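Student: Before I ask anything, here is the structure I am working with.
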Amino acid sequence: MKNNNKKAMLRPDPAESLNGLIAVCLAAAAALFIIWTFTGKWPWVGQYYNSYILQAQSWLDGRLDLGQNYSHLEIAIFDGKYYISFPPFPSYLMLPFVFLGWDTCDGFIAFVSAIAAGAYAFKILEHFGIEKDRAVFFALFLTIGSNWLFTAQVAWVWFIAQNMAFTLSLMAIYYALKGKAGLSLFVWACAVGCRPFNALYIPVLLYLLYRQHMDENPNDTVKDIIRKRWKAVIPMAVIAISYMVLNYARFGNPIEFGHNYLPEHTESEKGQFDPSYILSNIPALFRLPKISFDGAWEYQAFNGTCMFLVSPIFVSCVVYGARHIMKSDKRGRIQPLLVLAVVVIHLLALTAHNTMGGSQFGNRYTNDVLPMAFLGLAISLPKESKWDKFNYVLFVIGLTLNAIGSVLYYTK
């Protein structure tokens, strides 16, 4: 921890920092644009699975339900009415654009979110004193070198929620590192309104905020922190209360987003979540592709394939994290061990779902864990590493697999 604090105190050159940000954003945009030339899934093309747009339109029409069923979408059926079955925050963001008549704004929002993810990943690394070129590389490793690339390409209801939660989680981590409690907790609440299990990030965010506060105010007690910072929870609380009010108005339950009322869950013997699913779903995290008789690999389209194969940055996270934990003193282990605990609990929570993401390329549920795992990587990265060359190989594997896999998936 001591070593990382020294790294965090370094102040990057503003011009170098800007150059790094531009490099990350341009590289991420270029990767997406090249893939779109094969798939035609451009941001300005209307999205077939546009649940959040339909929800925003219904709200503007003065109704909470959709007024009709849409057979190609995952629709919650409750008291004979049809509702969007996903957490609502993406519709919050789309609402003003839909009000102005821009009914295809979801594609552009997904694109902006994708570019912002790389930028915030770069800024997190910069906070820990990682020099510019390495920070550019690892920010791209996290994004276009992982299975994030698959979900970032379109604004389909499932994928834009993950895309936005990914970016908002990185933002929450970055602002917590900078001690901006109100902003960190606010964007974290927005992330939870995209992917509810991202609520598990809160212990790490609070610890980061606590450490930053104590570095500046070493004599303060926890009571002092609460007295000085209590207003920081207000924006977060407003967002959280809005979710609960909306959920109660639709389903009579402040914590029910609607997914439990999908026919696939109401007709399931054990429902949407059950501990018994964990043992059957854990193998999907490590499942290798099948090899056909002609030698081609068959990447499973349903419930995912090996997370370390499609997101090789997980390998780097494990290697650097283990090295850091073994070499650190007791205090230096607190942060990486807390990150590790959240990552493991998050993965177990995801495997308690009755599917592992349905049809996809890669293992998209594990993308929700990447921002927290990336924080562990940023904490653990040594100033210089001979292992970086192996990271380049992993990056090429991740980028190539996800680019080709995405093209094949979206053009089938």
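Identifiers in the structure tokens: chain A, B, ... in order shown; residue index from 1 per chain; ligand index from 1 in order shown.
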Write out as a PyMOL selection string which residues come within 7 Å of Asn354 (chain A) when counting only C-alpha atoms, dropping same-chain ones fewer than 4 positions away.
Tutor: chain A and resi 272-273+277
Student: Sort by chain and increasing residue number a table of all residues of region 233-282 of chain A within 12 Å of region 286-310 of chain A, each with its closest pair of atoms and their distance in Å to one decimal, counting only C-alpha atoms, and write it as CSV.
Tutor:
```
residue,atom,partner,partner_atom,distance
A:Ser280,CA,A:Asn303,CA,11.1
A:Asn281,CA,A:Asn303,CA,8.4
A:Ile282,CA,A:Phe286,CA,7.5
```
Student: Calculated over only C-alpha atoms, which of the candidates A:Ser184, A:Asn217, A:Gln162, A:Asn367 has the smallest distance to Phe86 (chain A)?
Tutor: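 Residue with the minimum atom-to-atom distance to Phe86 (chain A): A:Gln162.
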Student: Need to verify the contact set: region 371-383 of chain A, 7 Å, only C-alpha atoms, exclusion of same-chain residues closer than 5 positions in sequence. Can you return it as a list of chain:residue names?
Tutor: A:Asn4, A:Leu125, A:Phe128, A:Ile130, A:Phe166, A:Ser169, A:Leu170, A:Cys317, A:Tyr320, A:Gly321, A:His324, A:Pro336, A:Val339, A:Val343
Student: Looking only at the backbone, which of the residues in region 191-408 of chain A does DSSP tag as strand (DSSP E or B), as a PDB file with N, CA and C atoms, in the first residue's frame?
Tutor:
```pdb
ATOM      1  N   PHE A 273     -33.088 -16.831  -9.420  1.00  0.00           N
ATOM      2  CA  PHE A 273     -31.855 -17.072  -8.661  1.00  0.00           C
ATOM      3  C   PHE A 273     -32.062 -18.227  -7.679  1.00  0.00           C
ATOM      4  N   LYS A 290     -15.129 -26.384 -27.982  1.00  0.00           N
ATOM      5  CA  LYS A 290     -15.042 -27.748 -28.489  1.00  0.00           C
ATOM      6  C   LYS A 290     -14.263 -27.746 -29.799  1.00  0.00           C
ATOM      7  N   ILE A 291     -13.570 -28.839 -30.065  1.00  0.00           N
ATOM      8  CA  ILE A 291     -12.842 -28.975 -31.330  1.00  0.00           C
ATOM      9  C   ILE A 291     -13.610 -29.936 -32.225  1.00  0.00           C
ATOM     10  N   TRP A 297     -12.415 -24.763 -33.923  1.00  0.00           N
ATOM     11  CA  TRP A 297     -12.926 -24.637 -32.554  1.00  0.00           C
ATOM     12  C   TRP A 297     -14.358 -24.133 -32.594  1.00  0.00           C
ATOM     13  N   GLU A 298     -15.187 -24.713 -31.767  1.00  0.00           N
ATOM     14  CA  GLU A 298     -16.588 -24.303 -31.676  1.00  0.00           C
ATOM     15  C   GLU A 298     -16.788 -23.550 -30.358  1.00  0.00           C
ATOM     16  N   PHE A 302     -24.154 -20.332 -26.205  1.00  0.00           N
ATOM     17  CA  PHE A 302     -25.103 -20.256 -25.091  1.00  0.00           C
ATOM     18  C   PHE A 302     -24.372 -20.457 -23.778  1.00  0.00           C
ATOM     19  N   HIS A 353     -27.501 -17.229 -11.033  1.00  0.00           N
ATOM     20  CA  HIS A 353     -28.578 -16.965 -11.994  1.00  0.00           C
ATOM     21  C   HIS A 353     -28.871 -18.233 -12.780  1.00  0.00           C
ATOM     22  N   SER A 359     -27.545 -16.303 -25.236  1.00  0.00           N
ATOM     23  CA  SER A 359     -26.785 -16.282 -26.488  1.00  0.00           C
ATOM     24  C   SER A 359     -25.775 -15.141 -26.482  1.00  0.00           C
TER      25      SER A 359
END
```
Student: Please, what distance in Å, to one decimal, runs between CA of Gly398 (chain A) and CA of Ala114 (chain A)?
Tutor: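 Result for CA of Gly398 (chain A) versus CA of Ala114 (chain A): 16.8 Å, one decimal.
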Student: Residues of region 132-152 of chain A within 10 Å of region 401-408 of chain A: nearest atom pair and distance (Å, one decimal) for each, counting only C-alpha atoms, sorted by chain and number, as CSV?
Tutor:
```
residue,atom,partner,partner_atom,distance
A:Ile144,CA,A:Asn402,CA,8.1
A:Gly145,CA,A:Asn402,CA,7.6
A:Ser146,CA,A:Asn402,CA,7.0
A:Asn147,CA,A:Asn402,CA,6.0
A:Trp148,CA,A:Asn402,CA,8.4
A:Leu149,CA,A:Asn402,CA,6.4
A:Phe150,CA,A:Ser406,CA,5.6
A:Thr151,CA,A:Ser406,CA,8.9
```
Student: If we count only C-alpha atoms, what is near Thr37 (chain A) at a cut-off of 12 Å, once residues fewer than 5 positions away on the same chain are taken out, given as a PyMOL selection string?
Tutor: chain A and resi 30-32+42-43+153+403+407+410-411
Student: Based on the selection just made, write C-alpha atoms of those residues as a PDB file, in the first residue's frame.
Tutor:
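Wrote it out as result-v8.pdb, contents follow:
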```pdb
ATOM      1  CA  ALA A  30     -10.999   2.579 -34.467  1.00  0.00           C
ATOM      2  CA  ALA A  31     -11.555  -0.983 -33.239  1.00  0.00           C
ATOM      3  CA  LEU A  32     -15.303  -0.445 -33.084  1.00  0.00           C
ATOM      4  CA  TRP A  42     -23.383   1.580 -36.750  1.00  0.00           C
ATOM      5  CA  PRO A  43     -24.445   3.833 -33.840  1.00  0.00           C
ATOM      6  CA  GLN A 153     -20.698  -2.661 -30.158  1.00  0.00           C
ATOM      7  CA  ALA A 403     -13.160  -8.980 -32.953  1.00  0.00           C
ATOM      8  CA  VAL A 407     -18.219 -10.238 -36.486  1.00  0.00           C
ATOM      9  CA  TYR A 410     -23.517 -10.192 -35.344  1.00  0.00           C
ATOM     10  CA  THR A 411     -23.574 -11.310 -38.998  1.00  0.00           C
TER      11      THR A 411
END
```
Student: Please report, as a VMD selection string, each residue of region 235-357 of chain A to which DSSP assigns alpha helix (DSSP H) when run on this structure's backbone.
Tutor: chain A and resid 235 to 251 263 to 266 276 to 286 307 to 310 313 to 327 330 to 351
Student: Could you tell me how far CA of Phe137 (chain A) sits from CA of His346 (chain A), in Å to one decimal place?
Tutor: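 Going from CA of His346 (chain A) over to CA of Phe137 (chain A), I get 26.1 Å.
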Student: Using only C-alpha atoms, which protein or nucleic acid residues come within 12 Å of Asn260 (chain A)? Drop anything in the same chain fewer than 5 positions from it, and give the result as a list in words.
Tutor: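 Near neighbours after the sequence-gap exclusion: Glu74, Ile75, Ala76, Ile77, Phe78, Tyr83, Ile84, Ser85, Phe86, Pro87, Phe251, Asn253, Ile255, His265, Thr266, Glu267, Ser268, Lys270, Gly271, Gln272, Phe273, His353 and Asn354 of chain A.
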Student: Just N, CA and C atoms for this one: save the residues we selected as a PDB file, in the first residue's frame.
Tutor:
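Output contents, as saved in again33.pdb:
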```pdb
ATOM      1  N   GLU A  74     -37.518  -9.159 -23.980  1.00  0.00           N
ATOM      2  CA  GLU A  74     -37.773  -9.797 -22.687  1.00  0.00           C
ATOM      3  C   GLU A  74     -38.695  -8.885 -21.890  1.00  0.00           C
ATOM      4  N   ILE A  75     -39.965  -9.213 -21.889  1.00  0.00           N
ATOM      5  CA  ILE A  75     -40.997  -8.373 -21.295  1.00  0.00           C
ATOM      6  C   ILE A  75     -41.543  -9.022 -20.028  1.00  0.00           C
ATOM      7  N   ALA A  76     -41.607  -8.234 -18.955  1.00  0.00           N
ATOM      8  CA  ALA A  76     -42.208  -8.702 -17.701  1.00  0.00           C
ATOM      9  C   ALA A  76     -43.718  -8.561 -17.802  1.00  0.00           C
ATOM     10  N   ILE A  77     -44.420  -9.609 -17.412  1.00  0.00           N
ATOM     11  CA  ILE A  77     -45.883  -9.595 -17.431  1.00  0.00           C
ATOM     12  C   ILE A  77     -46.365  -9.593 -15.993  1.00  0.00           C
ATOM     13  N   PHE A  78     -47.052  -8.513 -15.609  1.00  0.00           N
ATOM     14  CA  PHE A  78     -47.516  -8.367 -14.218  1.00  0.00           C
ATOM     15  C   PHE A  78     -48.910  -7.762 -14.232  1.00  0.00           C
ATOM     16  N   TYR A  83     -44.198  -4.810 -19.097  1.00  0.00           N
ATOM     17  CA  TYR A  83     -43.196  -3.861 -18.624  1.00  0.00           C
ATOM     18  C   TYR A  83     -41.801  -4.285 -19.109  1.00  0.00           C
ATOM     19  N   ILE A  84     -40.916  -3.294 -19.231  1.00  0.00           N
ATOM     20  CA  ILE A  84     -39.516  -3.601 -19.443  1.00  0.00           C
ATOM     21  C   ILE A  84     -38.985  -4.250 -18.169  1.00  0.00           C
ATOM     22  N   SER A  85     -38.232  -5.329 -18.339  1.00  0.00           N
ATOM     23  CA  SER A  85     -37.867  -6.156 -17.182  1.00  0.00           C
ATOM     24  C   SER A  85     -36.465  -5.875 -16.657  1.00  0.00           C
ATOM     25  N   PHE A  86     -35.897  -4.738 -17.032  1.00  0.00           N
ATOM     26  CA  PHE A  86     -34.514  -4.452 -16.644  1.00  0.00           C
ATOM     27  C   PHE A  86     -34.446  -3.199 -15.778  1.00  0.00           C
ATOM     28  N   PRO A  87     -33.397  -3.056 -14.965  1.00  0.00           N
ATOM     29  CA  PRO A  87     -33.208  -1.834 -14.178  1.00  0.00           C
ATOM     30  C   PRO A  87     -33.248  -0.602 -15.075  1.00  0.00           C
ATOM     31  N   PHE A 251     -44.579  -2.766  -9.641  1.00  0.00           N
ATOM     32  CA  PHE A 251     -44.687  -4.156  -9.194  1.00  0.00           C
ATOM     33  C   PHE A 251     -45.059  -4.315  -7.722  1.00  0.00           C
ATOM     34  N   ASN A 253     -43.322  -3.610  -5.198  1.00  0.00           N
ATOM     35  CA  ASN A 253     -42.155  -4.056  -4.431  1.00  0.00           C
ATOM     36  C   ASN A 253     -40.998  -3.108  -4.749  1.00  0.00           C
ATOM     37  N   ILE A 255     -37.881  -3.263  -4.437  1.00  0.00           N
ATOM     38  CA  ILE A 255     -36.619  -3.829  -4.923  1.00  0.00           C
ATOM     39  C   ILE A 255     -36.823  -4.767  -6.113  1.00  0.00           C
ATOM     40  N   HIS A 265     -38.683 -17.108 -16.090  1.00  0.00           N
ATOM     41  CA  HIS A 265     -38.412 -17.257 -14.663  1.00  0.00           C
ATOM     42  C   HIS A 265     -39.660 -17.690 -13.895  1.00  0.00           C
ATOM     43  N   THR A 266     -40.816 -17.170 -14.268  1.00  0.00           N
ATOM     44  CA  THR A 266     -42.050 -17.573 -13.578  1.00  0.00           C
ATOM     45  C   THR A 266     -42.381 -19.035 -13.859  1.00  0.00           C
ATOM     46  N   GLU A 267     -41.928 -19.539 -15.013  1.00  0.00           N
ATOM     47  CA  GLU A 267     -42.189 -20.938 -15.364  1.00  0.00           C
ATOM     48  C   GLU A 267     -41.078 -21.874 -14.895  1.00  0.00           C
ATOM     49  N   SER A 268     -40.008 -21.302 -14.334  1.00  0.00           N
ATOM     50  CA  SER A 268     -38.898 -22.113 -13.845  1.00  0.00           C
ATOM     51  C   SER A 268     -39.191 -22.609 -12.437  1.00  0.00           C
ATOM     52  N   LYS A 270     -37.217 -23.248  -9.951  1.00  0.00           N
ATOM     53  CA  LYS A 270     -36.439 -22.600  -8.897  1.00  0.00           C
ATOM     54  C   LYS A 270     -36.347 -21.094  -9.062  1.00  0.00           C
ATOM     55  N   GLY A 271     -36.991 -20.536 -10.080  1.00  0.00           N
ATOM     56  CA  GLY A 271     -36.994 -19.094 -10.252  1.00  0.00           C
ATOM     57  C   GLY A 271     -35.726 -18.556 -10.884  1.00  0.00           C
ATOM     58  N   GLN A 272     -35.548 -17.242 -10.787  1.00  0.00           N
ATOM     59  CA  GLN A 272     -34.424 -16.581 -11.436  1.00  0.00           C
ATOM     60  C   GLN A 272     -33.096 -16.882 -10.749  1.00  0.00           C
ATOM     61  N   PHE A 273     -33.088 -16.831  -9.420  1.00  0.00           N
ATOM     62  CA  PHE A 273     -31.855 -17.072  -8.661  1.00  0.00           C
ATOM     63  C   PHE A 273     -32.062 -18.227  -7.679  1.00  0.00           C
ATOM     64  N   HIS A 353     -27.501 -17.229 -11.033  1.00  0.00           N
ATOM     65  CA  HIS A 353     -28.578 -16.965 -11.994  1.00  0.00           C
ATOM     66  C   HIS A 353     -28.871 -18.233 -12.780  1.00  0.00           C
ATOM     67  N   ASN A 354     -30.111 -18.366 -13.264  1.00  0.00           N
ATOM     68  CA  ASN A 354     -30.449 -19.633 -13.934  1.00  0.00           C
ATOM     69  C   ASN A 354     -29.850 -19.771 -15.324  1.00  0.00           C
TER      70      ASN A 354
END
```
